[in-house]
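Colleague: One structure, as structure tokens, below. Some questions next.
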Amino acid sequence: MPAPPRVAIDARVSSADQKADLERQLGRLAEYASREKMTVVRSVSEIGSGLNGHRAKIMRLLADPSVHTVVVEHRDRLARFGSEYIEAAMSASGRKVVVVDQTEMKDDLVQDMVDVLTSFCARLYGRRAAKNRAAKALAAAGSATEDDAA
């Protein structure tokens with residue numbers, strides 16, 4: 001008899017005030033894995049936007065070749081956009097993503113929109129601040145050079 005599949009479960013919520021839902025999500029994923037005769041070898045939970053491409057825990061999970069299957073409750077828990085790319089990349093290396101509930105979730109789409117706008121604003125204002133700092137540094141360097149020449 002073959003050994004039961006060894007899987008990792010991954011849960012995510014967008015904000016800290018949803019922490020209780022994060023625990024419930026992990027519980028539902030563990031129940032699903034048990035029903036499907038899967039052995040959970042790793043459990044990952046994160047609080048953060050599905051739009052964030054720098055989520056450390058999921059990045060480590062996806063980079064780990066010993067994790068052959070990642071189980072998520074909804075596709076948007078893995079990534080708000082582009083989960084198809086993640087699934088294709090895993091499939092190319094003989095791995096897979098199992099989505100327990102194929103229906104699309106929209107409960108925190110507004111929060112994700114706020115996160116997108118916040119990210120754009122941070123980049124815009126960050127660039128402006130960096131440009132201003134660079135101009136000040138050049139001006140200071142220019143005046144220092146003039147002082148040295150005099």
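Labels for the structure tokens follow display order: chains A, B, ..., residues from 1 in each chain, ligands from 1.
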Near A:Ile9, within 7 Å and counting only C-alpha atoms, which residues show up once chain neighbours fewer than 2 positions away are dropped, as a ChimeraX atom specification?
Modeller: /A:7,11,29,40,42-44,70-72
Colleague: Which residues are near A:Asp101? Cut-off 12 Å, only C-alpha atoms, ignore same chain within fewer than 4 positions. Put them as a list in words.
Modeller: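 Those residues are Gln25, Arg28, Leu29, Tyr32, Val71, Val72, Glu73, His74, Arg75, Asp76, Arg77 and Met105 of chain A.
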Colleague: Please produce a file of the residues just selected, as a PDB file, in the first residue's frame, where the atoms kept are N, CA, C and O atoms.
Modeller:
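Once written, again34.pdb looks like this:
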ATOM      1  N   GLN A  25      -9.169  28.750   9.236  1.00  0.00           N
ATOM      2  CA  GLN A  25      -8.742  28.324   7.901  1.00  0.00           C
ATOM      3  C   GLN A  25      -7.762  27.155   8.002  1.00  0.00           C
ATOM      4  O   GLN A  25      -7.894  26.154   7.285  1.00  0.00           O
ATOM      5  N   ARG A  28      -9.693  24.026   8.900  1.00  0.00           N
ATOM      6  CA  ARG A  28     -10.423  23.456   7.756  1.00  0.00           C
ATOM      7  C   ARG A  28      -9.466  22.750   6.803  1.00  0.00           C
ATOM      8  O   ARG A  28      -9.785  21.676   6.266  1.00  0.00           O
ATOM      9  N   LEU A  29      -8.279  23.310   6.597  1.00  0.00           N
ATOM     10  CA  LEU A  29      -7.304  22.677   5.712  1.00  0.00           C
ATOM     11  C   LEU A  29      -6.801  21.358   6.297  1.00  0.00           C
ATOM     12  O   LEU A  29      -6.647  20.368   5.574  1.00  0.00           O
ATOM     13  N   TYR A  32      -9.511  18.782   5.830  1.00  0.00           N
ATOM     14  CA  TYR A  32      -9.549  18.344   4.439  1.00  0.00           C
ATOM     15  C   TYR A  32      -8.442  17.321   4.169  1.00  0.00           C
ATOM     16  O   TYR A  32      -8.678  16.268   3.582  1.00  0.00           O
ATOM     17  N   VAL A  71      -1.617  22.705  -0.190  1.00  0.00           N
ATOM     18  CA  VAL A  71      -3.079  22.739  -0.115  1.00  0.00           C
ATOM     19  C   VAL A  71      -3.506  24.105   0.408  1.00  0.00           C
ATOM     20  O   VAL A  71      -3.040  24.546   1.459  1.00  0.00           O
ATOM     21  N   VAL A  72      -4.379  24.766  -0.342  1.00  0.00           N
ATOM     22  CA  VAL A  72      -4.929  26.062   0.049  1.00  0.00           C
ATOM     23  C   VAL A  72      -6.443  25.983   0.012  1.00  0.00           C
ATOM     24  O   VAL A  72      -7.014  25.183  -0.732  1.00  0.00           O
ATOM     25  N   GLU A  73      -7.094  26.813   0.813  1.00  0.00           N
ATOM     26  CA  GLU A  73      -8.560  26.775   0.840  1.00  0.00           C
ATOM     27  C   GLU A  73      -9.161  27.395  -0.416  1.00  0.00           C
ATOM     28  O   GLU A  73     -10.041  26.825  -1.036  1.00  0.00           O
ATOM     29  N   HIS A  74      -8.682  28.560  -0.777  1.00  0.00           N
ATOM     30  CA  HIS A  74      -9.128  29.252  -1.989  1.00  0.00           C
ATOM     31  C   HIS A  74      -7.900  29.689  -2.763  1.00  0.00           C
ATOM     32  O   HIS A  74      -6.860  29.987  -2.178  1.00  0.00           O
ATOM     33  N   ARG A  75      -8.024  29.754  -4.057  1.00  0.00           N
ATOM     34  CA  ARG A  75      -6.904  30.145  -4.919  1.00  0.00           C
ATOM     35  C   ARG A  75      -6.352  31.513  -4.509  1.00  0.00           C
ATOM     36  O   ARG A  75      -5.151  31.747  -4.514  1.00  0.00           O
ATOM     37  N   ASP A  76      -7.221  32.445  -4.118  1.00  0.00           N
ATOM     38  CA  ASP A  76      -6.737  33.781  -3.775  1.00  0.00           C
ATOM     39  C   ASP A  76      -6.023  33.833  -2.427  1.00  0.00           C
ATOM     40  O   ASP A  76      -5.405  34.827  -2.087  1.00  0.00           O
ATOM     41  N   ARG A  77      -6.068  32.762  -1.658  1.00  0.00           N
ATOM     42  CA  ARG A  77      -5.281  32.702  -0.420  1.00  0.00           C
ATOM     43  C   ARG A  77      -3.816  32.485  -0.759  1.00  0.00           C
ATOM     44  O   ARG A  77      -2.931  32.923  -0.040  1.00  0.00           O
ATOM     45  N   MET A 105     -13.264  33.957  -3.863  1.00  0.00           N
ATOM     46  CA  MET A 105     -13.542  34.757  -2.670  1.00  0.00           C
ATOM     47  C   MET A 105     -13.366  36.228  -3.013  1.00  0.00           C
ATOM     48  O   MET A 105     -12.429  36.588  -3.688  1.00  0.00           O
TER      49      MET A 105
END
Colleague: Out of stretch 5-125 of chain A, which residues get strand (DSSP E) from DSSP, as number ranges by chain?
Modeller: A: 6-13, 39-47, 69-72, 96-99
Colleague: So that I have them on file, write out the residues from the current selection with N, CA, C and O atoms, as a short mmCIF file (atom, residue, chain, number, x, y, z; two decimals), in the first residue's frame.
Modeller:
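Output file again15.cif is given in full below:
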data_model
loop_
_atom_site.label_atom_id
_atom_site.label_comp_id
_atom_site.auth_asym_id
_atom_site.auth_seq_id
_atom_site.Cartn_x
_atom_site.Cartn_y
_atom_site.Cartn_z
N ARG A 6 2.30 13.43 1.22
CA ARG A 6 2.80 14.37 2.23
C ARG A 6 2.61 15.77 1.67
O ARG A 6 3.11 16.08 0.59
N VAL A 7 1.90 16.59 2.42
CA VAL A 7 1.53 17.91 1.91
C VAL A 7 1.85 19.02 2.91
O VAL A 7 2.07 18.76 4.10
N ALA A 8 1.85 20.23 2.39
CA ALA A 8 1.93 21.43 3.22
C ALA A 8 0.60 22.15 3.08
O ALA A 8 0.02 22.18 1.99
N ILE A 9 0.10 22.68 4.18
CA ILE A 9 -1.11 23.50 4.10
C ILE A 9 -0.71 24.96 4.27
O ILE A 9 0.20 25.28 5.02
N ASP A 10 -1.40 25.82 3.53
CA ASP A 10 -1.06 27.25 3.53
C ASP A 10 -2.33 28.07 3.73
O ASP A 10 -3.30 27.91 2.98
N ALA A 11 -2.32 28.92 4.74
CA ALA A 11 -3.46 29.80 5.02
C ALA A 11 -2.96 31.24 5.06
O ALA A 11 -1.83 31.51 5.46
N ARG A 12 -3.83 32.17 4.63
CA ARG A 12 -3.47 33.58 4.64
C ARG A 12 -4.72 34.42 4.86
O ARG A 12 -5.79 34.10 4.36
N VAL A 13 -4.56 35.48 5.63
CA VAL A 13 -5.57 36.53 5.74
C VAL A 13 -4.88 37.85 5.50
O VAL A 13 -3.65 37.96 5.60
N THR A 39 -0.91 13.37 4.55
CA THR A 39 -0.13 13.62 5.75
C THR A 39 0.42 15.04 5.69
O THR A 39 1.20 15.37 4.79
N VAL A 40 0.00 15.87 6.64
CA VAL A 40 0.47 17.26 6.68
C VAL A 40 1.85 17.27 7.35
O VAL A 40 1.98 16.92 8.51
N VAL A 41 2.85 17.69 6.57
CA VAL A 41 4.22 17.75 7.09
C VAL A 41 4.65 19.18 7.40
O VAL A 41 5.67 19.39 8.04
N ARG A 42 3.86 20.12 6.93
CA ARG A 42 4.19 21.53 7.16
C ARG A 42 2.92 22.37 7.11
O ARG A 42 2.05 22.13 6.28
N SER A 43 2.85 23.33 8.00
CA SER A 43 1.70 24.22 8.07
C SER A 43 2.21 25.66 8.07
O SER A 43 3.06 26.02 8.89
N VAL A 44 1.73 26.46 7.12
CA VAL A 44 2.19 27.84 6.98
C VAL A 44 0.99 28.76 7.09
O VAL A 44 -0.04 28.52 6.46
N SER A 45 1.13 29.81 7.89
CA SER A 45 0.08 30.81 7.97
C SER A 45 0.72 32.19 7.95
O SER A 45 1.79 32.40 8.53
N GLU A 46 0.07 33.10 7.23
CA GLU A 46 0.60 34.45 7.10
C GLU A 46 -0.52 35.47 7.18
O GLU A 46 -1.65 35.20 6.78
N ILE A 47 -0.16 36.63 7.68
CA ILE A 47 -1.05 37.78 7.65
C ILE A 47 -0.41 38.77 6.70
O ILE A 47 0.71 39.23 6.92
N THR A 69 3.18 18.97 -2.58
CA THR A 69 1.81 19.44 -2.73
C THR A 69 1.55 20.53 -1.70
O THR A 69 1.88 20.38 -0.53
N VAL A 70 0.95 21.63 -2.17
CA VAL A 70 0.54 22.72 -1.29
C VAL A 70 -0.99 22.78 -1.35
O VAL A 70 -1.56 22.86 -2.44
N VAL A 71 -1.62 22.71 -0.19
CA VAL A 71 -3.08 22.74 -0.11
C VAL A 71 -3.51 24.10 0.41
O VAL A 71 -3.04 24.55 1.46
N VAL A 72 -4.38 24.77 -0.34
CA VAL A 72 -4.93 26.06 0.05
C VAL A 72 -6.44 25.98 0.01
O VAL A 72 -7.01 25.18 -0.73
N LYS A 96 2.40 20.15 -7.11
CA LYS A 96 1.07 20.67 -7.42
C LYS A 96 0.48 21.50 -6.28
O LYS A 96 0.94 21.42 -5.14
N VAL A 97 -0.53 22.26 -6.65
CA VAL A 97 -1.33 23.04 -5.71
C VAL A 97 -2.71 22.41 -5.71
O VAL A 97 -3.28 22.15 -6.78
N VAL A 98 -3.25 22.15 -4.53
CA VAL A 98 -4.62 21.65 -4.40
C VAL A 98 -5.45 22.78 -3.82
O VAL A 98 -5.13 23.30 -2.74
N VAL A 99 -6.48 23.19 -4.55
CA VAL A 99 -7.39 24.23 -4.09
C VAL A 99 -8.66 23.53 -3.60
O VAL A 99 -9.37 22.90 -4.37
#
Colleague: Could you tell me how far atom CA of A:Cys121 lies from atom CA of A:Arg55, in Å and to one decimal?
Modeller: 20.0 Å
Colleague: DSSP on the backbone, alpha helix (DSSP H) only: what residues of stretch 1-115 of chain A does that give? Format it as a ChimeraX atom specification.
Modeller: /A:19-35,56-63,75-78,83-92,109-115
Colleague: If we count only C-alpha atoms, what is near A:Ala63 at a cut-off of 10 Å, once residues fewer than 5 positions away on the same chain are taken out, given as a ChimeraX atom specification?
Modeller: /A:57-58,90
